[in-house]
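> One file: my_file_13.pdb (PDB, C-alpha atoms).
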ATOM      1  CA  MET A   1     -12.386 -26.834  11.381
ATOM      2  CA  GLU A   2     -15.188 -24.524  10.214
ATOM      3  CA  LYS A   3     -15.153 -22.835  13.611
ATOM      4  CA  GLN A   4     -11.428 -22.168  13.356
ATOM      5  CA  LYS A   5     -11.932 -20.727   9.871
ATOM      6  CA  SER A   6     -14.690 -18.377  11.044
ATOM      7  CA  ILE A   7     -12.573 -17.203  13.966
ATOM      8  CA  SER A   8      -9.664 -16.551  11.629
ATOM      9  CA  VAL A   9     -11.819 -14.503   9.257
ATOM     10  CA  ALA A  10     -13.252 -12.510  12.160
ATOM     11  CA  ASP A  11      -9.756 -11.879  13.503
ATOM     12  CA  ILE A  12      -8.534 -10.667  10.113
ATOM     13  CA  ALA A  13     -11.579  -8.424   9.717
ATOM     14  CA  ARG A  14     -10.936  -6.894  13.152
ATOM     15  CA  ARG A  15      -7.266  -6.263  12.434
ATOM     16  CA  GLN A  16      -7.976  -4.710   9.029
ATOM     17  CA  ALA A  17     -11.062  -2.783  10.166
ATOM     18  CA  LEU A  18      -9.442   0.580   9.427
ATOM     19  CA  LEU A  19      -8.664  -0.348   5.823
ATOM     20  CA  ILE A  20     -12.190  -1.688   5.410
ATOM     21  CA  VAL A  21     -13.597   1.581   6.765
ATOM     22  CA  LEU A  22     -11.321   3.556   4.433
ATOM     23  CA  ILE A  23     -12.480   1.611   1.380
ATOM     24  CA  GLY A  24     -16.104   1.961   2.470
ATOM     25  CA  ILE A  25     -15.812   5.738   2.854
ATOM     26  CA  VAL A  26     -14.189   6.075  -0.573
ATOM     27  CA  ILE A  27     -16.994   4.044  -2.184
ATOM     28  CA  VAL A  28     -19.722   6.064  -0.445
ATOM     29  CA  PHE A  29     -18.286   9.456  -1.412
ATOM     30  CA  SER A  30     -17.591   8.311  -4.984
ATOM     31  CA  PHE A  31     -21.307   7.580  -5.355
ATOM     32  CA  LEU A  32     -22.448  10.757  -3.586
ATOM     33  CA  THR A  33     -20.339  13.192  -5.609
ATOM     34  CA  GLU A  34     -18.769  12.939  -9.043
ATOM     35  CA  GLN A  35     -15.854  15.215  -8.148
ATOM     36  CA  PHE A  36     -14.528  12.938  -5.412
ATOM     37  CA  LEU A  37     -12.464  10.502  -7.507
ATOM     38  CA  THR A  38     -11.035  13.092  -9.881
ATOM     39  CA  PRO A  39      -7.202  13.209 -10.031
ATOM     40  CA  ASN A  40      -7.085  16.811  -8.796
ATOM     41  CA  ASN A  41      -9.213  15.999  -5.756
ATOM     42  CA  ILE A  42      -7.131  12.924  -4.868
ATOM     43  CA  ILE A  43      -3.922  14.954  -5.085
ATOM     44  CA  ASN A  44      -5.533  17.675  -2.987
ATOM     45  CA  ILE A  45      -6.494  15.156  -0.284
ATOM     46  CA  PHE A  46      -2.903  13.945   0.026
ATOM     47  CA  ARG A  47      -1.620  17.527   0.087
ATOM     48  CA  GLN A  48      -4.041  18.409   2.883
ATOM     49  CA  ILE A  49      -3.204  15.412   5.077
ATOM     50  CA  SER A  50       0.557  15.915   4.796
ATOM     51  CA  THR A  51       0.636  18.148   7.878
ATOM     52  CA  ILE A  52      -1.574  15.835   9.946
ATOM     53  CA  ALA A  53       0.356  12.719   8.912
ATOM     54  CA  VAL A  54       3.753  14.242   9.712
ATOM     55  CA  MET A  55       2.570  15.436  13.109
ATOM     56  CA  GLY A  56       0.782  12.135  13.668
ATOM     57  CA  ALA A  57       4.047  10.247  13.191
ATOM     58  CA  GLY A  58       5.553  12.151  16.110
ATOM     59  CA  MET A  59       2.385  11.849  18.192
ATOM     60  CA  THR A  60       2.468   8.081  17.672
ATOM     61  CA  PHE A  61       5.742   7.909  19.605
ATOM     62  CA  CYS A  62       4.208   9.861  22.498
ATOM     63  CA  ILE A  63       1.081   7.726  22.692
ATOM     64  CA  VAL A  64       2.973   4.453  22.268
ATOM     65  CA  GLY A  65       5.217   5.652  25.101
ATOM     66  CA  GLY A  66       2.149   6.185  27.301
ATOM     67  CA  ASN A  67       1.701   9.963  27.008
ATOM     68  CA  PHE A  68      -0.213  12.653  25.125
ATOM     69  CA  ASP A  69       1.020  15.891  23.556
ATOM     70  CA  LEU A  70      -1.766  18.474  23.400
ATOM     71  CA  SER A  71       0.646  21.312  22.618
ATOM     72  CA  VAL A  72       1.330  20.363  18.979
ATOM     73  CA  GLY A  73      -1.330  22.674  17.521
ATOM     74  CA  ALA A  74       0.027  25.733  19.304
ATOM     75  CA  LEU A  75       3.588  24.664  18.493
ATOM     76  CA  LEU A  76       2.637  24.398  14.820
ATOM     77  CA  SER A  77       1.368  28.007  14.948
ATOM     78  CA  MET A  78       4.550  29.288  16.567
ATOM     79  CA  CYS A  79       6.872  27.396  14.227
ATOM     80  CA  GLY A  80       4.948  28.480  11.145
ATOM     81  CA  CYS A  81       5.070  32.149  12.132
ATOM     82  CA  VAL A  82       8.730  32.010  13.157
ATOM     83  CA  PHE A  83       9.730  30.262   9.941
ATOM     84  CA  ILE A  84       8.006  32.828   7.710
ATOM     85  CA  SER A  85       9.377  35.858   9.554
ATOM     86  CA  THR A  86      12.943  34.552   9.883
ATOM     87  CA  TYR A  87      12.999  33.443   6.250
ATOM     88  CA  ASP A  88      12.525  37.037   5.113
ATOM     89  CA  ARG A  89      15.170  38.286   7.549
ATOM     90  CA  LEU A  90      17.836  35.568   7.514
ATOM     91  CA  GLY A  91      17.164  33.218   4.613
ATOM     92  CA  ALA A  92      15.986  29.635   4.248
ATOM     93  CA  PHE A  93      18.661  27.637   6.080
ATOM     94  CA  PRO A  94      18.806  29.755   9.293
ATOM     95  CA  ALA A  95      15.003  29.885   9.344
ATOM     96  CA  LEU A  96      14.845  26.106   9.048
ATOM     97  CA  LEU A  97      17.368  25.538  11.854
ATOM     98  CA  ILE A  98      15.673  28.016  14.207
ATOM     99  CA  THR A  99      12.219  26.553  13.563
ATOM    100  CA  LEU A 100      13.314  22.953  14.096
ATOM    101  CA  ALA A 101      15.200  23.994  17.244
ATOM    102  CA  ILE A 102      12.045  25.599  18.662
ATOM    103  CA  GLY A 103      10.109  22.402  18.040
ATOM    104  CA  CYS A 104      12.754  20.240  19.702
ATOM    105  CA  VAL A 105      13.161  22.569  22.712
ATOM    106  CA  SER A 106       9.404  22.723  23.288
ATOM    107  CA  GLY A 107       9.231  18.936  23.131
ATOM    108  CA  ALA A 108      12.223  18.598  25.444
ATOM    109  CA  VAL A 109      10.608  20.827  28.072
ATOM    110  CA  CYS A 110       7.417  18.751  28.023
ATOM    111  CA  GLY A 111       9.450  15.543  28.012
ATOM    112  CA  PHE A 112      11.522  16.637  31.008
ATOM    113  CA  LEU A 113       8.438  17.546  33.030
ATOM    114  CA  CYS A 114       6.652  14.308  32.150
ATOM    115  CA  GLY A 115       9.629  11.950  32.153
ATOM    116  CA  TYR A 116      11.885  13.215  34.917
ATOM    117  CA  LEU A 117       9.381  15.001  37.177
ATOM    118  CA  LYS A 118       6.596  12.448  36.504
ATOM    119  CA  LEU A 119       3.927  15.086  35.871
ATOM    120  CA  ASN A 120       0.756  14.170  34.009
ATOM    121  CA  SER A 121       1.340  14.626  30.273
ATOM    122  CA  MET A 122      -2.141  15.984  29.549
ATOM    123  CA  ILE A 123      -1.799  18.708  32.191
ATOM    124  CA  VAL A 124       1.770  19.564  31.176
ATOM    125  CA  THR A 125       1.067  19.808  27.449
ATOM    126  CA  LEU A 126      -2.207  21.660  28.003
ATOM    127  CA  GLY A 127      -0.239  24.231  29.970
ATOM    128  CA  MET A 128       2.450  24.320  27.282
ATOM    129  CA  GLN A 129      -0.271  24.899  24.715
ATOM    130  CA  GLN A 130      -1.324  28.074  26.531
ATOM    131  CA  VAL A 131       2.285  29.240  26.918
ATOM    132  CA  LEU A 132       3.023  28.724  23.213
ATOM    133  CA  GLN A 133      -0.142  30.522  22.163
ATOM    134  CA  ALA A 134       0.784  33.487  24.357
ATOM    135  CA  LEU A 135       4.362  33.557  23.047
ATOM    136  CA  THR A 136       3.150  33.414  19.445
ATOM    137  CA  LEU A 137       0.754  36.307  20.058
ATOM    138  CA  MET A 138       3.586  38.301  21.610
ATOM    139  CA  TYR A 139       5.909  37.443  18.715
ATOM    140  CA  THR A 140       3.434  38.370  15.985
ATOM    141  CA  GLY A 141       1.626  41.135  17.838
ATOM    142  CA  GLY A 142      -1.577  39.363  16.905
ATOM    143  CA  GLN A 143      -0.927  40.137  13.231
ATOM    144  CA  TYR A 144      -0.815  37.878  10.206
ATOM    145  CA  VAL A 145       2.799  37.154   9.231
ATOM    146  CA  GLN A 146       3.263  37.036   5.471
ATOM    147  CA  LEU A 147       6.155  36.444   3.111
ATOM    148  CA  GLU A 148       7.382  39.567   1.338
ATOM    149  CA  ASP A 149       7.355  37.562  -1.892
ATOM    150  CA  LEU A 150       4.377  35.183  -2.029
ATOM    151  CA  ASN A 151       6.120  33.288  -4.822
ATOM    152  CA  ALA A 152       9.398  32.910  -2.925
ATOM    153  CA  PRO A 153      11.313  29.673  -3.661
ATOM    154  CA  ILE A 154      10.571  28.362  -0.164
ATOM    155  CA  THR A 155       6.835  28.107  -0.972
ATOM    156  CA  VAL A 156       7.649  25.051  -3.088
ATOM    157  CA  ILE A 157       7.528  23.088   0.190
ATOM    158  CA  GLY A 158       3.849  23.762   0.732
ATOM    159  CA  LYS A 159       2.423  24.242  -2.737
ATOM    160  CA  GLY A 160       5.041  23.042  -5.232
ATOM    161  CA  ASN A 161       4.995  19.824  -7.247
ATOM    162  CA  ILE A 162       7.531  17.408  -8.665
ATOM    163  CA  GLY A 163       5.662  16.214 -11.722
ATOM    164  CA  ILE A 164       2.131  15.706 -10.448
ATOM    165  CA  VAL A 165       3.222  14.804  -6.900
ATOM    166  CA  PRO A 166       3.151  17.640  -4.319
ATOM    167  CA  VAL A 167       6.458  18.283  -2.554
ATOM    168  CA  SER A 168       4.645  18.202   0.795
ATOM    169  CA  VAL A 169       3.436  14.669   0.009
ATOM    170  CA  ILE A 170       7.002  13.567  -0.748
ATOM    171  CA  ILE A 171       8.175  15.072   2.549
ATOM    172  CA  MET A 172       5.316  13.294   4.322
ATOM    173  CA  ALA A 173       6.216   9.956   2.739
ATOM    174  CA  VAL A 174       9.919  10.224   3.608
ATOM    175  CA  PHE A 175       9.181  11.411   7.126
ATOM    176  CA  CYS A 176       6.651   8.645   7.828
ATOM    177  CA  VAL A 177       8.956   5.941   6.422
ATOM    178  CA  VAL A 178      11.865   7.133   8.589
ATOM    179  CA  TYR A 179       9.713   7.337  11.722
ATOM    180  CA  ALA A 180       8.167   3.930  10.958
ATOM    181  CA  MET A 181      11.599   2.341  10.709
ATOM    182  CA  ILE A 182      12.688   3.978  13.962
ATOM    183  CA  LEU A 183       9.612   2.677  15.777
ATOM    184  CA  SER A 184       9.602  -0.854  14.387
ATOM    185  CA  LYS A 185      13.223  -1.656  13.530
ATOM    186  CA  THR A 186      15.409   0.026  16.147
ATOM    187  CA  VAL A 187      16.265  -0.638  19.779
ATOM    188  CA  PHE A 188      14.885   2.786  20.647
ATOM    189  CA  GLY A 189      11.504   1.912  19.102
ATOM    190  CA  HIS A 190      11.287  -1.323  21.084
ATOM    191  CA  ARG A 191      12.178   0.564  24.245
ATOM    192  CA  VAL A 192       9.413   3.105  23.595
ATOM    193  CA  LYS A 193       6.923   0.228  23.360
ATOM    194  CA  ALA A 194       8.331  -1.355  26.497
ATOM    195  CA  VAL A 195       8.026   1.867  28.496
ATOM    196  CA  GLY A 196       4.475   2.396  27.245
ATOM    197  CA  SER A 197       3.493  -1.174  28.083
ATOM    198  CA  ASN A 198       4.884  -1.211  31.610
ATOM    199  CA  THR A 199       7.136   1.529  32.946
ATOM    200  CA  GLU A 200       8.170  -0.351  36.083
ATOM    201  CA  THR A 201       9.081  -3.528  34.232
ATOM    202  CA  SER A 202      11.066  -1.626  31.610
ATOM    203  CA  ARG A 203      12.975   0.168  34.346
ATOM    204  CA  TYR A 204      13.911  -3.111  36.026
ATOM    205  CA  SER A 205      15.141  -4.414  32.671
ATOM    206  CA  GLY A 206      17.631  -1.557  32.471
ATOM    207  CA  ILE A 207      15.741   0.907  30.253
ATOM    208  CA  ASN A 208      16.019   4.588  31.179
ATOM    209  CA  ASP A 209      12.304   5.355  30.988
ATOM    210  CA  LYS A 210      12.798   9.042  31.803
ATOM    211  CA  LYS A 211      15.115   9.532  28.854
ATOM    212  CA  ILE A 212      12.805   7.580  26.544
ATOM    213  CA  VAL A 213       9.808   9.775  27.451
ATOM    214  CA  LEU A 214      11.861  12.921  26.866
ATOM    215  CA  GLN A 215      12.976  11.646  23.462
ATOM    216  CA  THR A 216       9.427  10.810  22.363
ATOM    217  CA  PHE A 217       8.332  14.356  23.132
ATOM    218  CA  VAL A 218      11.307  15.751  21.207
ATOM    219  CA  LEU A 219      10.229  13.690  18.179
ATOM    220  CA  SER A 220       6.701  15.026  18.573
ATOM    221  CA  GLY A 221       7.965  18.603  18.774
ATOM    222  CA  LEU A 222      10.178  18.096  15.725
ATOM    223  CA  SER A 223       7.261  16.758  13.684
ATOM    224  CA  ALA A 224       5.068  19.697  14.764
ATOM    225  CA  ALA A 225       7.789  22.103  13.591
ATOM    226  CA  ILE A 226       7.952  20.400  10.196
ATOM    227  CA  GLY A 227       4.165  20.505  10.027
ATOM    228  CA  GLY A 228       4.293  24.241  10.715
ATOM    229  CA  ILE A 229       6.776  24.745   7.879
ATOM    230  CA  ILE A 230       4.596  22.795   5.440
ATOM    231  CA  LEU A 231       1.408  24.618   6.403
ATOM    232  CA  SER A 232       2.898  28.129   6.443
ATOM    233  CA  THR A 233       4.613  27.733   3.072
ATOM    234  CA  ARG A 234       1.389  26.460   1.540
ATOM    235  CA  GLY A 235      -0.318  29.787   2.205
ATOM    236  CA  GLY A 236       2.769  31.991   2.253
ATOM    237  CA  GLY A 237       2.102  33.162   5.789
ATOM    238  CA  GLY A 238       1.040  32.295   9.296
ATOM    239  CA  GLN A 239      -0.854  33.484  12.343
ATOM    240  CA  SER A 240      -1.232  32.580  15.987
ATOM    241  CA  THR A 241      -4.417  30.579  15.379
ATOM    242  CA  MET A 242      -3.325  28.572  12.331
ATOM    243  CA  GLY A 243      -2.702  25.423  14.356
ATOM    244  CA  MET A 244      -5.905  25.600  16.366
ATOM    245  CA  GLY A 245      -7.618  22.206  16.382
ATOM    246  CA  TYR A 246      -4.739  20.333  14.782
ATOM    247  CA  GLU A 247      -3.972  18.497  18.012
ATOM    248  CA  PHE A 248      -7.452  16.971  17.826
ATOM    249  CA  ASP A 249      -6.995  15.821  14.226
ATOM    250  CA  VAL A 250      -3.552  14.412  14.979
ATOM    251  CA  ILE A 251      -4.637  12.459  18.054
ATOM    252  CA  THR A 252      -7.708  11.236  16.161
ATOM    253  CA  ALA A 253      -5.479   9.923  13.371
ATOM    254  CA  VAL A 254      -3.230   8.081  15.823
ATOM    255  CA  ILE A 255      -6.111   6.529  17.736
ATOM    256  CA  LEU A 256      -7.927   5.604  14.531
ATOM    257  CA  GLY A 257      -4.684   3.897  13.548
ATOM    258  CA  GLY A 258      -5.092   1.570  16.483
ATOM    259  CA  ALA A 259      -2.512   2.988  18.901
ATOM    260  CA  SER A 260      -3.486   1.928  22.409
ATOM    261  CA  LEU A 261      -4.484   4.726  24.771
ATOM    262  CA  ALA A 262      -2.741   2.752  27.505
ATOM    263  CA  GLY A 263       0.527   2.836  25.547
ATOM    264  CA  GLY A 264       2.739   0.064  24.285
ATOM    265  CA  SER A 265       1.412  -0.399  20.762
ATOM    266  CA  GLY A 266       1.003   1.661  17.613
ATOM    267  CA  SER A 267       2.005   1.912  13.966
ATOM    268  CA  ILE A 268       3.131   4.858  11.841
ATOM    269  CA  PHE A 269       1.587   3.274   8.737
ATOM    270  CA  ARG A 270      -1.771   2.888  10.465
ATOM    271  CA  THR A 271      -1.518   6.463  11.737
ATOM    272  CA  PHE A 272      -1.087   7.539   8.110
ATOM    273  CA  ILE A 273      -4.225   5.559   7.191
ATOM    274  CA  GLY A 274      -6.032   7.295  10.062
ATOM    275  CA  ALA A 275      -4.933  10.687   8.710
ATOM    276  CA  LEU A 276      -6.120   9.639   5.252
ATOM    277  CA  VAL A 277      -9.551   8.730   6.653
ATOM    278  CA  ILE A 278      -9.786  12.176   8.274
ATOM    279  CA  GLY A 279      -8.697  13.912   5.055
ATOM    280  CA  ILE A 280     -11.205  11.982   2.955
ATOM    281  CA  LEU A 281     -14.015  12.746   5.396
ATOM    282  CA  LYS A 282     -13.206  16.463   5.469
ATOM    283  CA  THR A 283     -12.976  16.688   1.668
ATOM    284  CA  GLY A 284     -16.111  14.611   1.193
ATOM    285  CA  PHE A 285     -18.066  16.796   3.593
ATOM    286  CA  VAL A 286     -16.936  19.922   1.738
ATOM    287  CA  LEU A 287     -17.943  18.459  -1.628
ATOM    288  CA  LEU A 288     -21.356  17.601  -0.171
ATOM    289  CA  GLY A 289     -21.736  21.146   1.100
ATOM    290  CA  LEU A 290     -21.839  20.247   4.794
ATOM    291  CA  SER A 291     -20.885  22.884   7.336
ATOM    292  CA  SER A 292     -17.682  22.850   9.377
ATOM    293  CA  TYR A 293     -19.763  22.241  12.510
ATOM    294  CA  THR A 294     -21.056  18.982  11.020
ATOM    295  CA  GLN A 295     -17.458  17.955  10.379
ATOM    296  CA  TYR A 296     -16.551  18.517  14.029
ATOM    297  CA  VAL A 297     -19.504  16.411  15.195
ATOM    298  CA  ALA A 298     -18.563  13.608  12.790
ATOM    299  CA  GLU A 299     -14.922  13.635  13.937
ATOM    300  CA  CYS A 300     -16.021  13.548  17.573
ATOM    301  CA  ILE A 301     -18.244  10.526  16.918
ATOM    302  CA  ILE A 302     -15.392   8.781  15.104
ATOM    303  CA  ILE A 303     -12.857   9.300  17.898
ATOM    304  CA  LEU A 304     -15.356   8.212  20.563
ATOM    305  CA  PHE A 305     -16.026   5.062  18.560
ATOM    306  CA  ALA A 306     -12.283   4.465  18.225
ATOM    307  CA  VAL A 307     -11.810   4.869  21.980
ATOM    308  CA  TYR A 308     -14.643   2.401  22.576
ATOM    309  CA  LEU A 309     -12.972  -0.139  20.285
ATOM    310  CA  ASP A 310      -9.648   0.397  22.074
ATOM    311  CA  ILE A 311     -11.221  -0.230  25.490
ATOM    312  CA  SER A 312     -13.092  -3.278  24.168
ATOM    313  CA  ALA A 313      -9.886  -4.711  22.702
ATOM    314  CA  GLY A 314      -8.152  -4.188  26.044
ATOM    315  CA  LYS A 315     -10.891  -6.078  27.853
ATOM    316  CA  ARG A 316     -10.629  -8.969  25.391
ATOM    317  CA  LYS A 317      -6.869  -9.183  26.004
ATOM    318  CA  VAL A 318      -7.414  -9.306  29.771
ATOM    319  CA  ARG A 319      -9.843 -12.167  29.380
TER     320      ARG A 319
END
Could I get this file's structure written as structure tokens?

Amino acid sequence: MEKQKSISVADIARRQALLIVLIGIVIVFSFLTEQFLTPNNIINIFRQISTIAVMGAGMTFCIVGGNFDLSVGALLSMCGCVFISTYDRLGAFPALLITLAIGCVSGAVCGFLCGYLKLNSMIVTLGMQQVLQALTLMYTGGQYVQLEDLNAPITVIGKGNIGIVPVSVIIMAVFCVVYAMILSKTVFGHRVKAVGSNTETSRYSGINDKKIVLQTFVLSGLSAAIGGIILSTRGGGGQSTMGMGYEFDVITAVILGGASLAGGSGSIFRTFIGALVIGILKTGFVLLGLSSYTQYVAECIIILFAVYLDISAGKRKVR
């Protein structure tokens, strides 16, 4: 009986390891710096992770479906620049439609190559990353794209508040809830997990795996476009390098959230927790005065540790 109880406690601790880590990090930083638990800093953390969490929701679908999307950082840059420039020329609604269309088309291209032509997703999206960076440089001429009016109404998306809650945080919450329901409560979500778990088996059961892969990449592209809108309206402008490194943060958040690198399992809520861990670490490092290079090393160690845990969990399942 005692043995069963100890196994149960160990199992619970393993399943809730991310939340335990999150609580531990919060406690450590609250002792190391007085500014960490101030209301303004907490609000700022949630504002900063809104882009990563939104993009992470889309990336979760890709990884659960058995693929990676390394192009999201470059796509964020393109969508942010396009949104700012077209807003000044055409207005908010046309700019929004064009930006979201670019995100979906980019995702569809990657999804077609990976799903229908069976090309490796890492190679395809790495190539798409280079293409998008080149197109953004051509579009902007290598210049910073800025709103004509830095206080334009559209900037409420990135830096506005409703009460004390940032608008970007509200968008993040709605977006993550919708994506979470799609993944966990719909037939499409179950099919994504089935394809990620075993493509051949899902195909024999009547699932169109090619179409599912394409759709997961479209969702990833859409989330990157929304992330670009949030980030560009926060600063009132954009440039071709604004999304550099975001793909690393996004994938880190998804993997920290427990999504299997082999596909088949993942959670939008846990991806959000992973993004929150990253945001807290970044803010804590800044408050402690650590350099950006130290942050990169810390993130690398974290993702390597997460990959190790994922591989270990896979071995335990096999046994």
> Using only C-alpha atoms - which residues lie no farther than 6 Å from the point (-1.2, 16.0, 23.1) in the file's frame? Write them as a list in words.
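Residues close enough to count: Phe68, Asp69, Leu70 and Ser71 of chain A.
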> If you measure from atom CA of Ile157 of chain A to atom CA of Thr271 of chain A, what distance in Å do you get, rounded to one decimal?
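Calculated distance between atom CA of Ile157 of chain A and atom CA of Thr271 of chain A is 22.2 Å.
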> Considering all atoms listed in the file, tabulate each residue of segment 59-142 of chain A that lies at most 7 Å from segment 245-255 of chain A along with its nearest interatomic pair and the corresponding distance in Å to one decimal; arrange the rows by chain and ascending residue number and present them as JSON lines.

{"residue": "A:Thr60", "atom": "CA", "partner": "A:Val254", "partner_atom": "CA", "distance": 6.0}
{"residue": "A:Leu70", "atom": "CA", "partner": "A:Glu247", "partner_atom": "CA", "distance": 5.8}
{"residue": "A:Val72", "atom": "CA", "partner": "A:Glu247", "partner_atom": "CA", "distance": 5.7}
{"residue": "A:Gly73", "atom": "CA", "partner": "A:Tyr246", "partner_atom": "CA", "distance": 5.0}
> Counting only C-alpha atoms, find residues at most 10 Å from (-13.1, 14.9, -4.1) (file frame) and give them as a PyMOL selection string.
chain A and resi 26+29-30+33-45+280-288
> Hey, which of A:Cys176, A:Ile98, A:Ile230, A:Leu222 ends up closest to Gly160 of chain A? Count only C-alpha atoms.
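Using only C-alpha atoms, Gly160 of chain A sits closest to A:Ile230.
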> Selection in question (the file shown): the PyMOL selection byres ((chain A and resi 180-188) around 8). Which residues does it include, as a PDB file with C-alpha atoms, keeping the file's coordinate frame?

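For reference, selection09.pdb as written:
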ATOM      1  CA  ALA A  57       4.047  10.247  13.191  1.00  0.00           C
ATOM      2  CA  PHE A  61       5.742   7.909  19.605  1.00  0.00           C
ATOM      3  CA  CYS A 176       6.651   8.645   7.828  1.00  0.00           C
ATOM      4  CA  VAL A 177       8.956   5.941   6.422  1.00  0.00           C
ATOM      5  CA  VAL A 178      11.865   7.133   8.589  1.00  0.00           C
ATOM      6  CA  TYR A 179       9.713   7.337  11.722  1.00  0.00           C
ATOM      7  CA  GLY A 189      11.504   1.912  19.102  1.00  0.00           C
ATOM      8  CA  HIS A 190      11.287  -1.323  21.084  1.00  0.00           C
ATOM      9  CA  ARG A 191      12.178   0.564  24.245  1.00  0.00           C
ATOM     10  CA  VAL A 192       9.413   3.105  23.595  1.00  0.00           C
ATOM     11  CA  ILE A 212      12.805   7.580  26.544  1.00  0.00           C
ATOM     12  CA  SER A 267       2.005   1.912  13.966  1.00  0.00           C
ATOM     13  CA  ILE A 268       3.131   4.858  11.841  1.00  0.00           C
ATOM     14  CA  PHE A 269       1.587   3.274   8.737  1.00  0.00           C
TER      15      PHE A 269
END
> Selected by the PyMOL selection byres ((chain A and resi 215) around 10) in the shown coordinates: which residues, as a JSON list (two decimals) with C-alpha atoms, in the coordinates of the input?

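selection.json, written as the output of this step:
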[["chain", "number", "residue", "atom", "x", "y", "z"],
["A", 61, "PHE", "CA", 5.74, 7.91, 19.60],
["A", 62, "CYS", "CA", 4.21, 9.86, 22.50],
["A", 65, "GLY", "CA", 5.22, 5.65, 25.10],
["A", 104, "CYS", "CA", 12.75, 20.24, 19.70],
["A", 107, "GLY", "CA", 9.23, 18.94, 23.13],
["A", 108, "ALA", "CA", 12.22, 18.60, 25.44],
["A", 111, "GLY", "CA", 9.45, 15.54, 28.01],
["A", 112, "PHE", "CA", 11.52, 16.64, 31.01],
["A", 115, "GLY", "CA", 9.63, 11.95, 32.15],
["A", 188, "PHE", "CA", 14.88, 2.79, 20.65],
["A", 192, "VAL", "CA", 9.41, 3.10, 23.60],
["A", 209, "ASP", "CA", 12.30, 5.36, 30.99],
["A", 210, "LYS", "CA", 12.80, 9.04, 31.80],
["A", 211, "LYS", "CA", 15.12, 9.53, 28.85],
["A", 212, "ILE", "CA", 12.80, 7.58, 26.54],
["A", 213, "VAL", "CA", 9.81, 9.78, 27.45],
["A", 214, "LEU", "CA", 11.86, 12.92, 26.87],
["A", 216, "THR", "CA", 9.43, 10.81, 22.36],
["A", 217, "PHE", "CA", 8.33, 14.36, 23.13],
["A", 218, "VAL", "CA", 11.31, 15.75, 21.21],
["A", 219, "LEU", "CA", 10.23, 13.69, 18.18],
["A", 220, "SER", "CA", 6.70, 15.03, 18.57],
["A", 221, "GLY", "CA", 7.96, 18.60, 18.77]]
> Atom CA of Met78 of chain A and atom CA of Thr136 of chain A are how many Å apart?
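Computing the Euclidean distance for atom CA of Met78 of chain A and atom CA of Thr136 of chain A yields 5.2 Å.
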